[in-house]
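> Sharing entry_18.cif here; it has mmCIF, C-alpha atoms and all ligand atoms.
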```
data_protein
#
loop_
_atom_site.label_atom_id
_atom_site.label_comp_id
_atom_site.auth_asym_id
_atom_site.auth_seq_id
_atom_site.Cartn_x
_atom_site.Cartn_y
_atom_site.Cartn_z
CA MET G 23 -6.67 4.33 27.93
CA LYS G 24 -4.09 7.01 27.38
CA PRO G 25 -0.60 6.54 25.95
CA ALA G 26 2.29 5.86 28.33
CA PRO G 27 4.45 8.96 28.96
CA LEU G 28 6.55 9.95 25.98
CA GLN G 29 8.47 12.87 24.57
CA TYR G 30 6.92 14.86 21.72
CA VAL G 31 9.22 16.23 19.01
CA ARG G 32 8.04 18.41 16.12
CA PRO G 33 10.94 18.81 13.69
CA ALA G 34 11.01 21.65 11.15
CA SER G 35 12.92 19.69 8.49
CA VAL G 36 13.59 16.14 7.37
CA ALA G 37 17.17 16.55 8.61
CA GLU G 38 15.88 17.38 12.10
CA ALA G 39 13.44 14.46 11.96
CA VAL G 40 16.13 11.87 11.17
CA ASP G 41 18.39 13.41 13.86
CA ALA G 42 15.58 12.93 16.40
CA LEU G 43 15.02 9.31 15.30
CA GLU G 44 18.75 8.64 15.64
CA GLU G 45 18.94 10.34 19.04
CA HIS G 46 16.28 7.98 20.42
CA GLY G 47 18.20 4.93 19.20
CA GLY G 48 15.29 3.34 17.40
CA MET G 49 12.86 3.79 20.31
CA ALA G 50 10.97 6.74 18.79
CA ARG G 51 8.03 6.49 16.41
CA VAL G 52 7.12 8.73 13.50
CA LEU G 53 3.68 10.36 13.78
CA ALA G 54 2.11 10.99 10.35
CA GLY G 55 -1.70 10.85 10.02
CA GLY G 56 -1.98 9.08 13.37
CA GLN G 57 -4.86 6.88 12.12
CA SER G 58 -3.10 3.66 13.09
CA LEU G 59 -0.48 4.91 15.53
CA VAL G 60 -2.69 6.88 17.91
CA PRO G 61 -5.11 3.98 18.61
CA MET G 62 -2.12 1.65 19.16
CA LEU G 63 -0.60 4.12 21.62
CA GLY G 64 -3.92 4.50 23.41
CA MET G 65 -4.18 0.73 23.81
CA ARG G 66 -0.52 0.65 24.90
CA LEU G 67 0.29 -1.85 22.17
CA MET G 68 3.49 0.13 21.81
CA ARG G 69 5.43 2.39 24.17
CA PRO G 70 7.87 4.52 22.20
CA SER G 71 10.22 6.88 24.03
CA ALA G 72 9.16 9.75 21.72
CA LEU G 73 6.87 10.73 18.87
CA VAL G 74 8.53 12.49 15.96
CA ASP G 75 5.64 14.43 14.42
CA ILE G 76 6.34 15.03 10.72
CA ASN G 77 3.20 17.06 10.03
CA ASP G 78 5.16 20.32 9.54
CA LEU G 79 7.24 18.75 6.75
CA GLY G 80 4.73 19.19 3.93
CA ALA G 81 7.16 21.33 1.90
CA GLU G 82 9.62 18.41 1.76
CA LEU G 83 7.33 15.38 2.05
CA GLY G 84 3.93 16.54 0.79
CA LYS G 85 4.39 16.72 -2.99
CA ILE G 86 3.18 14.64 -5.93
CA ASP G 87 5.60 14.96 -8.81
CA GLY G 88 5.11 13.43 -12.27
CA ARG G 89 8.55 13.53 -13.93
CA GLY G 90 9.10 11.76 -17.23
CA GLU G 91 8.89 8.03 -16.67
CA GLU G 92 8.49 8.32 -12.90
CA THR G 93 5.86 9.54 -10.45
CA VAL G 94 7.23 10.49 -7.04
CA ILE G 95 4.86 10.76 -4.08
CA GLY G 96 6.05 12.25 -0.78
CA ALA G 97 5.44 10.22 2.37
CA LEU G 98 3.16 12.88 3.86
CA VAL G 99 0.77 13.01 0.91
CA ARG G 100 -2.67 12.26 2.34
CA TYR G 101 -5.16 9.84 0.85
CA SER G 102 -7.53 12.73 0.08
CA ALA G 103 -4.85 14.46 -2.02
CA LEU G 104 -4.32 11.24 -3.99
CA GLU G 105 -8.07 10.97 -4.55
CA THR G 106 -8.28 14.36 -6.25
CA SER G 107 -4.87 14.73 -7.91
CA PRO G 108 -5.01 15.09 -11.72
CA VAL G 109 -1.41 13.79 -11.89
CA ILE G 110 -2.46 10.57 -10.12
CA ALA G 111 -5.59 10.30 -12.29
CA GLU G 112 -3.46 10.44 -15.41
CA ARG G 113 -0.41 8.47 -14.35
CA LEU G 114 -1.52 6.05 -11.63
CA PRO G 115 -5.28 5.51 -12.06
CA LEU G 116 -5.20 2.22 -10.13
CA LEU G 117 -3.78 4.03 -7.10
CA GLN G 118 -6.52 6.63 -7.29
CA GLU G 119 -9.24 4.01 -7.50
CA VAL G 120 -7.85 1.95 -4.63
CA VAL G 121 -7.50 4.85 -2.24
CA ARG G 122 -11.27 5.40 -2.38
CA HIS G 123 -11.74 2.03 -0.69
CA ILE G 124 -9.72 3.04 2.37
CA GLY G 125 -11.57 3.93 5.57
CA ASP G 126 -13.97 6.85 5.58
CA ARG G 127 -13.65 10.55 4.75
CA GLN G 128 -12.07 11.42 8.12
CA VAL G 129 -9.46 8.67 7.78
CA ARG G 130 -8.67 9.70 4.20
CA ASN G 131 -8.27 13.35 5.22
CA ARG G 132 -5.56 12.42 7.73
CA GLY G 133 -3.98 9.12 6.63
CA THR G 134 -0.82 9.31 4.53
CA ILE G 135 0.72 7.07 1.90
CA GLY G 136 3.96 6.84 3.91
CA GLY G 137 2.09 5.91 7.08
CA ALA G 138 0.12 3.20 5.31
CA VAL G 139 3.22 1.65 3.73
CA ALA G 140 5.19 1.89 7.00
CA GLN G 141 2.27 0.34 8.87
CA SER G 142 2.50 -2.66 6.45
CA ASP G 143 -0.93 -4.04 7.24
CA PRO G 144 -1.23 -7.27 5.21
CA THR G 145 -4.86 -6.40 4.37
CA GLY G 146 -4.18 -2.70 3.67
CA GLU G 147 -5.08 -1.42 0.23
CA MET G 148 -2.09 0.91 -0.07
CA PRO G 149 0.64 -1.73 0.46
CA LEU G 150 -1.17 -3.91 -2.09
CA VAL G 151 -1.39 -1.25 -4.79
CA CYS G 152 2.22 -0.12 -4.25
CA LEU G 153 3.34 -3.74 -4.71
CA THR G 154 1.18 -4.24 -7.80
CA LEU G 155 2.53 -1.05 -9.38
CA GLY G 156 6.16 -1.91 -8.60
CA ALA G 157 6.94 1.16 -6.46
CA ARG G 158 10.28 1.77 -4.79
CA VAL G 159 10.40 2.97 -1.19
CA VAL G 160 12.78 5.81 -0.38
CA ALA G 161 14.09 5.84 3.20
CA ARG G 162 16.40 8.34 4.88
CA SER G 163 18.45 8.28 8.07
CA VAL G 164 21.43 10.25 9.35
CA ARG G 165 23.56 7.82 7.31
CA GLY G 166 21.92 8.90 4.03
CA GLU G 167 19.20 7.76 1.66
CA ARG G 168 18.45 4.34 0.22
CA THR G 169 15.84 2.95 -2.15
CA ILE G 170 14.13 -0.36 -1.46
CA PRO G 171 12.23 -2.23 -4.19
CA ILE G 172 8.73 -2.86 -2.87
CA GLU G 173 9.11 -6.59 -3.59
CA GLU G 174 11.78 -6.61 -0.83
CA PHE G 175 10.02 -4.23 1.54
CA PHE G 176 7.22 -6.20 3.26
CA GLU G 177 8.69 -8.81 5.59
CA GLY G 178 5.66 -10.06 7.49
CA SER G 179 2.48 -8.93 9.16
CA TYR G 180 3.10 -5.26 10.15
CA ALA G 181 6.84 -5.81 9.52
CA ASN G 182 9.06 -4.29 6.87
CA ALA G 183 12.62 -3.51 5.83
CA LEU G 184 12.73 -0.01 7.40
CA GLU G 185 15.32 0.39 10.15
CA PRO G 186 13.86 1.93 13.34
CA GLU G 187 15.94 5.10 12.80
CA GLU G 188 14.82 5.48 9.19
CA LEU G 189 12.18 7.87 7.92
CA LEU G 190 10.18 6.80 4.88
CA VAL G 191 10.41 9.94 2.74
CA GLY G 192 8.53 8.88 -0.39
CA LEU G 193 7.59 6.35 -3.03
CA ARG G 194 8.74 6.28 -6.65
CA PHE G 195 6.42 4.67 -9.18
CA PRO G 196 7.35 3.62 -12.72
CA LEU G 197 4.94 4.48 -15.54
CA ALA G 198 1.93 2.26 -14.98
CA PRO G 199 -0.39 0.62 -17.48
CA VAL G 200 -3.77 2.34 -17.73
CA HIS G 201 -5.49 -1.04 -17.96
CA CYS G 202 -6.17 -2.09 -14.43
CA ARG G 203 -8.83 -3.37 -12.07
CA PHE G 204 -9.33 -3.60 -8.33
CA PHE G 205 -11.60 -5.91 -6.39
CA GLU G 206 -12.14 -6.09 -2.64
CA ARG G 207 -14.34 -8.24 -0.44
CA GLY G 208 -14.89 -7.26 3.18
CA ARG G 209 -17.63 -8.27 5.59
CA LYS G 210 -18.94 -4.72 5.48
CA HIS G 211 -17.91 -1.32 4.11
CA ASN G 212 -14.92 0.10 5.96
CA ASP G 213 -13.91 -3.28 7.38
CA PHE G 214 -10.52 -4.77 6.59
CA ALA G 215 -10.53 -6.80 3.38
CA LEU G 216 -10.67 -10.57 3.61
CA LEU G 217 -9.57 -10.69 -0.03
CA SER G 218 -8.37 -7.96 -2.36
CA ILE G 219 -7.06 -8.22 -5.91
CA ALA G 220 -5.29 -5.59 -8.02
CA VAL G 221 -4.36 -6.27 -11.65
CA ALA G 222 -2.46 -4.12 -14.14
CA GLY G 223 -1.20 -4.81 -17.66
CA SER G 224 -1.11 -3.52 -21.24
CA PRO G 225 -2.67 -5.16 -24.30
CA ASP G 226 -1.12 -4.51 -27.72
CA ALA G 227 -3.03 -3.99 -30.96
CA ASP G 228 -3.37 -7.78 -31.37
CA GLY G 229 -4.74 -8.19 -27.85
CA ARG G 230 -1.53 -9.71 -26.39
CA TRP G 231 -0.80 -8.56 -22.85
CA SER G 232 2.51 -7.42 -21.40
CA GLY G 233 3.71 -6.15 -18.03
CA VAL G 234 1.00 -8.16 -16.24
CA ARG G 235 1.09 -7.85 -12.45
CA ILE G 236 -1.44 -9.35 -10.08
CA GLY G 237 -1.35 -8.30 -6.42
CA LEU G 238 -3.27 -10.16 -3.73
CA GLY G 239 -4.18 -8.92 -0.26
CA GLY G 240 -5.60 -10.83 2.70
CA VAL G 241 -4.24 -14.21 1.57
CA ASN G 242 -0.83 -14.14 3.24
CA ASP G 243 1.02 -12.31 6.00
CA THR G 244 2.06 -9.64 3.47
CA PRO G 245 0.52 -8.51 0.20
CA VAL G 246 1.87 -10.85 -2.49
CA LEU G 247 2.31 -10.98 -6.25
CA ALA G 248 0.65 -13.93 -7.99
CA GLU G 249 3.67 -14.51 -10.19
CA ALA G 250 2.72 -17.86 -11.75
CA ALA G 251 -0.70 -16.50 -12.68
CA ALA G 252 0.81 -13.36 -14.23
CA ALA G 253 3.34 -15.45 -16.18
CA ARG G 254 0.49 -17.53 -17.62
CA LEU G 255 -1.14 -14.34 -18.95
CA GLU G 256 2.00 -12.57 -20.20
CA GLY G 257 2.45 -12.34 -23.96
CA ARG G 258 -0.93 -13.94 -24.73
CA THR G 259 -4.45 -13.03 -25.63
CA TRP G 260 -6.78 -13.89 -22.77
CA ASP G 261 -9.34 -16.47 -23.75
CA THR G 262 -11.60 -18.18 -21.23
CA ALA G 263 -9.30 -21.17 -20.76
CA THR G 264 -6.18 -19.01 -20.20
CA ILE G 265 -8.00 -16.89 -17.66
CA ALA G 266 -9.28 -19.97 -15.81
CA GLU G 267 -5.76 -21.48 -15.68
CA ALA G 268 -4.27 -18.21 -14.40
CA ALA G 269 -6.96 -17.91 -11.74
CA GLU G 270 -6.12 -21.39 -10.40
CA LEU G 271 -2.36 -20.67 -10.52
CA ALA G 272 -2.92 -17.67 -8.23
CA LEU G 273 -3.50 -20.14 -5.38
CA GLU G 274 0.25 -20.85 -5.46
CA ALA G 275 0.82 -17.41 -3.91
CA ALA G 276 -1.83 -17.86 -1.21
CA ASP G 277 -1.33 -19.18 2.29
CA PRO G 278 -4.30 -17.46 3.91
CA PRO G 279 -4.94 -17.08 7.60
CA ASP G 280 -7.93 -18.37 9.54
CA ASP G 281 -9.15 -15.34 11.44
CA VAL G 282 -12.25 -13.54 12.69
CA ARG G 283 -13.00 -12.26 9.19
CA ALA G 284 -12.94 -15.55 7.27
CA SER G 285 -11.51 -19.06 7.24
CA ALA G 286 -8.51 -19.97 5.10
CA GLU G 287 -10.77 -22.41 3.26
CA TYR G 288 -13.20 -19.65 2.30
CA ARG G 289 -10.42 -17.36 1.10
CA ASN G 290 -8.95 -20.16 -1.03
CA HIS G 291 -12.39 -20.81 -2.46
CA LEU G 292 -13.01 -17.14 -3.24
CA LEU G 293 -9.64 -16.27 -4.79
CA PRO G 294 -9.84 -18.13 -8.16
CA ILE G 295 -13.50 -17.25 -8.63
CA GLN G 296 -12.98 -13.54 -8.10
CA LEU G 297 -9.72 -13.37 -10.00
CA ARG G 298 -11.39 -15.05 -12.97
CA ARG G 299 -14.11 -12.37 -12.88
CA VAL G 300 -11.60 -9.52 -12.59
CA LEU G 301 -9.52 -10.84 -15.50
CA THR G 302 -12.57 -11.44 -17.66
CA ASP G 303 -13.68 -7.88 -17.05
CA LEU G 304 -10.21 -6.51 -17.82
CA ALA G 305 -9.94 -8.64 -20.97
CA GLY G 306 -12.72 -6.43 -22.35
CA ALA G 307 -9.72 -4.05 -22.51
CA GLU G 308 -11.47 -0.89 -21.44
CA PRO G 309 -8.83 1.25 -19.71
CA TRP G 310 -9.59 2.41 -16.24
CA LYS G 311 -12.26 5.10 -16.26
CA THR G 312 -12.02 7.53 -13.38
C1 LIG G 401 -11.68 4.02 11.31
C2 LIG G 401 -10.47 3.60 10.52
C3 LIG G 401 -10.66 2.87 9.36
C4 LIG G 401 -9.55 2.47 8.60
N1 LIG G 401 -9.77 1.75 7.47
C5 LIG G 401 -8.72 1.34 6.74
C6 LIG G 401 -8.92 0.61 5.53
O1 LIG G 401 -10.05 0.36 5.11
N2 LIG G 401 -7.81 0.23 4.84
C7 LIG G 401 -6.53 0.54 5.27
O2 LIG G 401 -5.58 0.17 4.60
N3 LIG G 401 -6.32 1.25 6.39
C8 LIG G 401 -7.38 1.64 7.13
N4 LIG G 401 -7.15 2.38 8.27
C9 LIG G 401 -5.76 2.72 8.65
C10 LIG G 401 -5.34 3.99 7.92
O3 LIG G 401 -5.19 3.67 6.54
C11 LIG G 401 -4.04 4.60 8.42
O4 LIG G 401 -4.10 5.93 8.06
C12 LIG G 401 -2.75 4.09 7.86
O5 LIG G 401 -2.66 2.72 8.09
C13 LIG G 401 -1.56 4.76 8.52
O6 LIG G 401 -1.36 6.01 7.97
P1 LIG G 401 -1.09 7.27 8.92
O7 LIG G 401 -0.54 8.35 8.08
O8 LIG G 401 -2.31 7.57 9.71
O9 LIG G 401 0.11 6.72 9.84
P2 LIG G 401 0.32 6.75 11.41
O10 LIG G 401 -0.86 6.18 12.11
O11 LIG G 401 0.78 8.10 11.84
O12 LIG G 401 1.56 5.74 11.49
C14 LIG G 401 1.41 4.35 11.24
C15 LIG G 401 2.76 3.65 11.49
O13 LIG G 401 3.68 4.03 10.47
C16 LIG G 401 4.82 4.73 11.04
N5 LIG G 401 5.09 5.83 10.13
C17 LIG G 401 4.21 6.76 9.66
N6 LIG G 401 4.80 7.56 8.75
C18 LIG G 401 6.08 7.15 8.66
C19 LIG G 401 7.20 7.58 7.89
N7 LIG G 401 7.09 8.59 7.01
N8 LIG G 401 8.39 6.93 8.06
C20 LIG G 401 8.50 5.89 8.92
N9 LIG G 401 7.47 5.43 9.67
C21 LIG G 401 6.28 6.05 9.54
C22 LIG G 401 4.36 5.19 12.41
O14 LIG G 401 5.44 5.33 13.30
C23 LIG G 401 3.43 4.03 12.80
O15 LIG G 401 4.18 2.94 13.27
C24 LIG G 401 -8.23 2.81 9.03
C25 LIG G 401 -8.05 3.56 10.20
C26 LIG G 401 -9.15 3.95 10.93
C27 LIG G 401 -8.92 4.77 12.17
#
```
Translate this structure into structure tokens?

Amino acid sequence: MKPAPLQYVRPASVAEAVDALEEHGGMARVLAGGQSLVPMLGMRLMRPSALVDINDLGAELGKIDGRGEETVIGALVRYSALETSPVIAERLPLLQEVVRHIGDRQVRNRGTIGGAVAQSDPTGEMPLVCLTLGARVVARSVRGERTIPIEEFFEGSYANALEPEELLVGLRFPLAPVHCRFFERGRKHNDFALLSIAVAGSPDADGRWSGVRIGLGGVNDTPVLAEAAAARLEGRTWDTATIAEAAELALEAADPPDDVRASAEYRNHLLPIQLRRVLTDLAGAEPWKT
């Protein structure tokens, strides 16, 4: 099928883009990489009054900037740029690893970090890694700019805290630990994950961990942090018993769906087993090698 009739707007600046979103009173949609939006339009799962195509806004939205304690990534930065960026390799190695699990080459050449976070797919790798790394979402409208902590951003399956007239302009990441791991189980390569796990933390010279964050995908209607599990690991060395306890505590954050990919029972079975393996691997304390 083809999309329902709509207006096409191609702004030359962020200011023009937010004006266009305002003008359409929340009925317009932003077009970034189009990897999720275009199929949805074709299937008429949505009928916006207009598309606001932001692909000419690379000068404002297409930069990766490592400044002091913060790494700022523009909304229009494509997955392929994240894959090859030396700044991301050095400062956010988990993000670089995770992006390689998304789609195929064509999807990664077009898809954008802003589009993936705005899409808020509960099984998407990008929402999961942004949550695990404690990013902040920067949104702009004609009323100005605001910053939303990622922990408050995802509100449900494909739902988030962005207002319909707001443009996601970028993500701000704090300095991330270099010790991190990512695990994903799908039915086949390129399929949506039925379970994904991202872990980050820093061991000190005595092997005690701090800043532990464990993100889970595919086990709830948004990506979630396994807070009880992370608390069990914080400030300790990770022996086998501690890891096993943390892996069981992760179930507190899970309320998985039954869907075509897997039953809730299977996901609940898989989560502690895989998390235990990921933590055991990370406890070897080799930093991420890219
Ligand atoms: C074959 C295929 C395989 C895929 N595999 C995976 C996968 O393995 N894992 C995965 O996570 N994803 C996968 N995807 C989805 C892909 O990651 C999308 O690129 C991503 O979800 C959306 O990014 P985009 O830039 O293409 O956004 P678009 O499709 O352009 O937009 C997506 C949504 O976000 C909104 N939006 C986009 N940018 C902004 C912005 N700056 N401000 C406000 N709203 C905005 C749009 O209006 C739309 O509602 C796959 C897609 C395809 C086609």
> Pick out the residues sitting within 8 Å of stretch 170-182 of chain G, and hand them over as JSON, numbers by chain; count only C-alpha atoms, and ignore anything fewer than 5 positions along from it in its own chain.
{"G": [140, 141, 142, 143, 144, 152, 153, 156, 157, 158, 159, 160, 161, 243, 244, 245]}
> Between G:Leu28, G:Leu104, G:Val191, G:Val282, single out the one closest to ligand LIG 401 (chain G), counting all atoms listed in the file.
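Using all atoms listed in the file, ligand LIG 401 (chain G) sits closest to G:Val191.
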> Give the residues close to ligand LIG 401 (chain G), within 6 Å, counting all atoms listed in the file; write them as an MDAnalysis selection string.
chainID G and resid 51:59 97 124:125 129 133:134 136:138 140:141 146:148 189:191 212:214
> Using all atoms listed in the file, which protein or nucleic acid residues come within 10 Å of G:Thr154? Drop anything in the same chain fewer than 3 positions from it, and give the result as a list in words.
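These residues fall inside the cut-off: Leu116, Leu117, Met148, Pro149, Leu150, Val151, Ala157, Ile172, Glu173, Ala198, Ile219, Ala220, Val221, Ala222, Val234, Arg235, Ile236, Gly237, Leu238, Pro245, Val246, Leu247 and Ala248 of chain G.
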> Report, as lines of an AutoDock Vina configuration file, the centre and edge lengths in Å (one decimal) of the axis-aligned box enclosing every listed atom of stretch 206-212 of chain G, padded by 3 Å on each side.

```
center_x = -15.5
center_y = -4.1
center_z = 1.7
size_x = 12.8
size_y = 14.4
size_z = 14.6
```
> Using all atoms listed in the file, can you tell me which of G:Pro115, G:Pro33, G:Gly64, G:Gly96 comes closest to G:Asp78?
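With all atoms listed in the file as the atom set, the closest residue is G:Pro33.
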> Using all atoms listed in the file - which residues lie no farther than 9 Å from the point (6.8, 7.6, 21.8) in the file's frame? Write them as a list in words.
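The residues near that point, listed by chain and number, are Pro25, Ala26, Pro27, Leu28, Gln29, Tyr30, Met49, Ala50, Arg51, Val52, Leu63, Met68, Arg69, Pro70, Ser71, Ala72, Leu73 and Val74 of chain G.
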